[in-house]
2 protein chains.
Amino acid sequence: MKEKDFITIIKQITNSKYIGDDCAYLKEMGIVITQDSLVEGVHFSLDYITPEQLGYKSVMVNLSDIAASGAEPKYITVSLSMPACIESKFVEKLYTGMQKACRQYNPQVKIAGGDITGGDKVFISICAIGSAINRRISSRKNAKPGYKIIVSGNHGSSAAGLYLLLNGKNTPEKFIKSHLEPKAQIFFGEKIAETIMQDYAMMDTSDGLMDTLSAIAYESGVSVEVDFDKIPYDKDIKQFENWQDLILYGGEDYQLIAAVPQDFETSAAVIGKIKKGSGIDIITADKKIHLEKTDIENKLFNHFDTEKNI
Amino acid sequence: MKEKDFITIIKQITNSKYIGDDCAYLKEMGIVITQDSLVEGVHFSLDYITPEQLGYKSVMVNLSDIAASGAEPKYITVSLSMPACIESKFVEKLYTGMQKACRQYNPQVKIAGGDITGGDKVFISICAIGSAINRRISSRKNAKPGYKIIVSGNHGSSAAGLYLLLNGKNTPEKFIKSHLEPKAQIFFGEKIAETIMQDYAMMDTSDGLMDTLSAIAYESGVSVEVDFDKIPYDKDIKQFENWQDLILYGGEDYQLIAAVPQDFETSAAVIGKIKKGSGIDIITADKKIHLEKTDIENKLFNHFDTEKNI
């Protein structure tokens, strides 16, 4: 089974209206909440990520979800599980990295609690809370035909970095850094959420640009047209044989993609538009390819397909 | 190292004023938040707990922390990690149990999100949020000399149940049920938090009655005197050789203990009082024993001491 199939089961059993977006928006409390985990052997290997980078990244992936909602990140709690043989230095470094991530923003995000237990592997689950006060919160269901699609930054760099790490290479360092030290696009999300007057869709690209666009298209019941040449990417990525796939399908860039009304003023890169229909049209210099949701899912990383894991 | 040593390191690095109580009280947002994990091989074995019981218990241990704060439980998010070989039926049953726990309270607690990933072992980390509106939130730092100590119910039953399970016995069933299907004492906490006019200390007894009393004594800078004969317990526990230790040191009863002013009206069992000094005096029919924090810690279960794990 795939992660999405499990989520379908969970939605059926819980009948929860909150499950679906990167964050759950708890309107009566004026907050958004999200929880995401990093599991050793699935999301990372201690062979190539330092404890400090791991702490930093585990916070950033959660703040990225808060950013995608448009909310202001405020607090996190941390569940840590790890083998008894791990030294206290590891915990120190891990939390130093977490603290570093929390201090990237002003006012800084606060670590409010959590727990620590034994276990066979390192497992970090972080819950992040954001304030929705004076912000319009996004939903992936909100894209409408005519909206333009904007993006906060480069795609493909993180997947390129992971490829280098898995193949024992250490240059170009910038790609490796993109993978090990991503940065949640808080300001991009904030700028939209504080000024926009209409509903809009926004997601982070944790599972890749195409997965994100596909989710917005499917959940909003619309089609997405994306102009490949307008997607921002680091030009050096062309040294990788499959560079176009890295840009389209590579995960963990933690950029934001939003579908906003045409007249919403922004300096962000516009990479396409929302149309009536379903699926995604990718336009390149010489062709136009149409992909449906299932085509895209078949190309994506699946945690439960163990052969593809790290 | 012990869990408490790690928490000391984390407190030092994060310099967080929120870490210390069962829940973090985020005053500006009017909420409390807690996060706790259940790890296969550390907190449970799939040999004796059903997926539905596991789901139920994983929610209850978190709602118990909310109860200990005095807040009203509102929402949970769930991070689940599990091996690829686990069938979808497991996930269905697990969430059915979670849903069952959420429906024990009125208005019912809502499952608002989370994530699901692969992993070697089953790992469940739940974050719970409660509303602090119109409640006085507890802190383990709030016990004052002269306060009385009250308790919500029986102690020792859960540890007795675990002993039976680990020794392949299935009677008396009530003890096993206490271990596998604990119930968070939401109403007990609510009743205090809604009516009390002064600061008070409250904790759940997840790590045992003595651990809880010791934490209140240490964090409040006071001493606790407890009358053993007044502690509520199931009389059938006397069939266990070490029944007094089960009552005093056995974990996972998830009852609440509170230190409240003498004049606070309550029908709850009063088991002792707060005095000046440090540590705990246990009074039995024929003797009085004084224990300091370190004496108690040496007797307690430690997740990082693998020999003692399940």
# chains A, B, ... in the order shown; residues from 1 in each chain; ligands from 1

call {"tool": "select_by_dssp", "arguments": {"residues": "stretch 49-185 of chain A", "states": "strand (DSSP E)", "output": "PyMOL selection string"}}
result
chain A and resi 72-82+110-118+123-131+148-151

call {"tool": "write_last_selection", "arguments": {"atoms": "C-alpha atoms", "output": "mmCIF file, in the first residue's frame"}}
result
data_model
loop_
_atom_site.group_PDB
_atom_site.id
_atom_site.type_symbol
_atom_site.label_atom_id
_atom_site.label_comp_id
_atom_site.auth_asym_id
_atom_site.auth_seq_id
_atom_site.Cartn_x
_atom_site.Cartn_y
_atom_site.Cartn_z
ATOM 1 C CA GLU A 72 2.821 32.441 11.775
ATOM 2 C CA PRO A 73 4.942 29.665 13.338
ATOM 3 C CA LYS A 74 4.918 29.937 17.132
ATOM 4 C CA TYR A 75 5.692 26.734 19.021
ATOM 5 C CA ILE A 76 6.940 23.203 18.480
ATOM 6 C CA THR A 77 6.936 20.066 20.601
ATOM 7 C CA VAL A 78 9.380 17.237 19.961
ATOM 8 C CA SER A 79 9.102 13.472 20.431
ATOM 9 C CA LEU A 80 12.499 11.815 20.212
ATOM 10 C CA SER A 81 13.141 8.087 20.291
ATOM 11 C CA MET A 82 16.654 6.677 20.074
ATOM 12 C CA LYS A 110 9.747 28.280 20.803
ATOM 13 C CA ILE A 111 10.360 24.664 21.796
ATOM 14 C CA ALA A 112 7.539 24.030 24.263
ATOM 15 C CA GLY A 113 7.923 20.374 25.234
ATOM 16 C CA GLY A 114 7.737 16.789 24.071
ATOM 17 C CA ASP A 115 9.190 13.517 25.266
ATOM 18 C CA ILE A 116 12.233 11.300 24.899
ATOM 19 C CA THR A 117 12.154 7.492 24.894
ATOM 20 C CA GLY A 118 14.270 4.501 23.984
ATOM 21 C CA PHE A 123 12.802 8.672 15.299
ATOM 22 C CA ILE A 124 11.862 12.343 15.532
ATOM 23 C CA SER A 125 8.273 13.484 15.427
ATOM 24 C CA ILE A 126 7.617 17.201 15.682
ATOM 25 C CA CYS A 127 4.363 19.006 16.162
ATOM 26 C CA ALA A 128 4.269 22.664 15.138
ATOM 27 C CA ILE A 129 1.663 25.264 16.005
ATOM 28 C CA GLY A 130 1.066 28.494 14.140
ATOM 29 C CA SER A 131 -1.125 31.509 14.788
ATOM 30 C CA LYS A 148 -1.911 31.989 -11.650
ATOM 31 C CA ILE A 149 0.612 29.614 -10.095
ATOM 32 C CA ILE A 150 3.554 31.137 -8.261
ATOM 33 C CA VAL A 151 6.576 29.514 -6.651
#

call {"tool": "residues_around", "arguments": {"residues": "B:Tyr147", "least_positions_apart": "2", "cutoff": "8 Å", "atoms": "only C-alpha atoms", "output": "PyMOL selection string"}}
result
chain B and resi 143-145+149+259-262+273-275

call {"tool": "residues_around", "arguments": {"residues": "stretch 18-27 of chain B", "least_positions_apart": "3", "cutoff": "6 Å", "atoms": "only C-alpha atoms", "output": "list in words"}}
result
Ala112 and Gly113 of chain A; Gly30, Ile31, Val32, Ile33, Thr34 and Asp65 of chain B

call {"tool": "closest_residue", "arguments": {"among": "A:Pro182, A:Pro51, A:Pro232, A:Gly189", "to": "A:Ser158", "atoms": "only C-alpha atoms"}}
result
A:Pro182

call {"tool": "atom_distance", "arguments": {"atom1": "atom CA of A:Glu297", "atom2": "atom CA of A:Tyr218"}}
result
12.1 Å

call {"tool": "atom_distance", "arguments": {"atom1": "atom CA of B:Leu256", "atom2": "atom CA of B:Met203"}}
result
5.7 Å

call {"tool": "select_by_dssp", "arguments": {"residues": "stretch 13-262 of chain B", "states": "helix (DSSP H, G or I)", "output": "JSON, numbers by chain"}}
result
{"B": [13, 14, 27, 28, 29, 51, 52, 53, 54, 55, 56, 57, 58, 59, 60, 61, 62, 63, 64, 65, 66, 67, 68, 69, 88, 89, 90, 91, 92, 93, 94, 95, 96, 97, 98, 99, 100, 101, 102, 157, 158, 159, 160, 161, 162, 163, 164, 165, 166, 173, 174, 175, 176, 177, 178, 179, 180, 186, 187, 188, 189, 190, 191, 192, 193, 194, 195, 209, 210, 211, 212, 213, 214, 215, 216, 217, 218, 219, 220, 228, 229, 230, 235, 236, 237, 238, 239, 243, 244, 245, 246, 247, 248, 249]}

call {"tool": "residues_around", "arguments": {"residues": "stretch 168-175 of chain A", "least_positions_apart": "4", "cutoff": "6 Å", "atoms": "only C-alpha atoms", "output": "PyMOL selection string"}}
result
chain A and resi 157-158+160-161+164

call {"tool": "write_last_selection", "arguments": {"atoms": "C-alpha atoms", "output": "compact mmCIF listing (two decimals), in the first residue's frame"}}
result
# COMPACT_ATOMS: atom_id res chain seq x y z
CA SER A 157 18.45 21.04 -5.81
CA SER A 158 17.57 18.87 -2.80
CA ALA A 160 20.34 16.43 -6.69
CA GLY A 161 22.05 16.72 -3.29
CA LEU A 164 25.32 13.04 -4.64

call {"tool": "residues_around", "arguments": {"residues": "A:Ser214", "least_positions_apart": "2", "cutoff": "12 Å", "atoms": "only C-alpha atoms", "output": "ChimeraX atom specification"}}
result
/A:140-141,143,203,205,207-212,216-226,248-249,257,274,278-282,290-297,300

call {"tool": "write_last_selection", "arguments": {"atoms": "C-alpha atoms", "output": "PDB file, in the first residue's frame"}}
result
ATOM      1  CA  ARG A 140      -5.245  22.994  -1.340  1.00  0.00           C
ATOM      2  CA  LYS A 141      -8.928  22.909  -2.284  1.00  0.00           C
ATOM      3  CA  ALA A 143      -7.463  26.808  -6.642  1.00  0.00           C
ATOM      4  CA  MET A 203       1.369  23.856  -0.380  1.00  0.00           C
ATOM      5  CA  THR A 205       6.889  20.972  -2.243  1.00  0.00           C
ATOM      6  CA  ASP A 207       7.181  15.563  -2.028  1.00  0.00           C
ATOM      7  CA  GLY A 208       8.206  17.337  -5.218  1.00  0.00           C
ATOM      8  CA  LEU A 209       6.785  20.005  -7.507  1.00  0.00           C
ATOM      9  CA  MET A 210       4.620  17.655  -9.578  1.00  0.00           C
ATOM     10  CA  ASP A 211       3.159  15.954  -6.521  1.00  0.00           C
ATOM     11  CA  THR A 212       2.236  19.353  -5.115  1.00  0.00           C
ATOM     12  CA  ILE A 216      -3.799  21.090  -5.769  1.00  0.00           C
ATOM     13  CA  ALA A 217      -5.384  20.071  -9.112  1.00  0.00           C
ATOM     14  CA  TYR A 218      -7.091  17.016  -7.642  1.00  0.00           C
ATOM     15  CA  GLU A 219      -8.299  18.593  -4.417  1.00  0.00           C
ATOM     16  CA  SER A 220      -9.571  21.715  -6.176  1.00  0.00           C
ATOM     17  CA  GLY A 221     -11.144  19.786  -9.075  1.00  0.00           C
ATOM     18  CA  VAL A 222      -9.169  21.749 -11.653  1.00  0.00           C
ATOM     19  CA  SER A 223      -6.332  21.306 -14.129  1.00  0.00           C
ATOM     20  CA  VAL A 224      -2.862  22.847 -13.902  1.00  0.00           C
ATOM     21  CA  GLU A 225      -0.815  24.095 -16.829  1.00  0.00           C
ATOM     22  CA  VAL A 226       2.849  24.554 -16.046  1.00  0.00           C
ATOM     23  CA  LEU A 248       9.727  18.025 -11.551  1.00  0.00           C
ATOM     24  CA  TYR A 249       9.702  15.012  -9.232  1.00  0.00           C
ATOM     25  CA  ILE A 257       3.651  26.815  -4.517  1.00  0.00           C
ATOM     26  CA  ILE A 274      -5.188  26.956 -13.312  1.00  0.00           C
ATOM     27  CA  SER A 278      -8.053  17.581 -14.410  1.00  0.00           C
ATOM     28  CA  GLY A 279      -4.379  16.582 -14.228  1.00  0.00           C
ATOM     29  CA  ILE A 280      -1.323  18.550 -15.326  1.00  0.00           C
ATOM     30  CA  ASP A 281      -0.154  19.853 -18.702  1.00  0.00           C
ATOM     31  CA  ILE A 282       3.600  20.388 -18.826  1.00  0.00           C
ATOM     32  CA  HIS A 290      -0.599  15.690 -20.173  1.00  0.00           C
ATOM     33  CA  LEU A 291      -0.359  13.671 -16.964  1.00  0.00           C
ATOM     34  CA  GLU A 292      -3.147  12.493 -14.707  1.00  0.00           C
ATOM     35  CA  LYS A 293      -2.859  12.018 -10.920  1.00  0.00           C
ATOM     36  CA  THR A 294      -2.106   8.286 -11.174  1.00  0.00           C
ATOM     37  CA  ASP A 295       0.665   8.870 -13.768  1.00  0.00           C
ATOM     38  CA  ILE A 296       2.357  11.195 -11.305  1.00  0.00           C
ATOM     39  CA  GLU A 297       1.863   8.965  -8.263  1.00  0.00           C
ATOM     40  CA  LEU A 300       6.837   9.232  -6.815  1.00  0.00           C
TER      41      LEU A 300
END
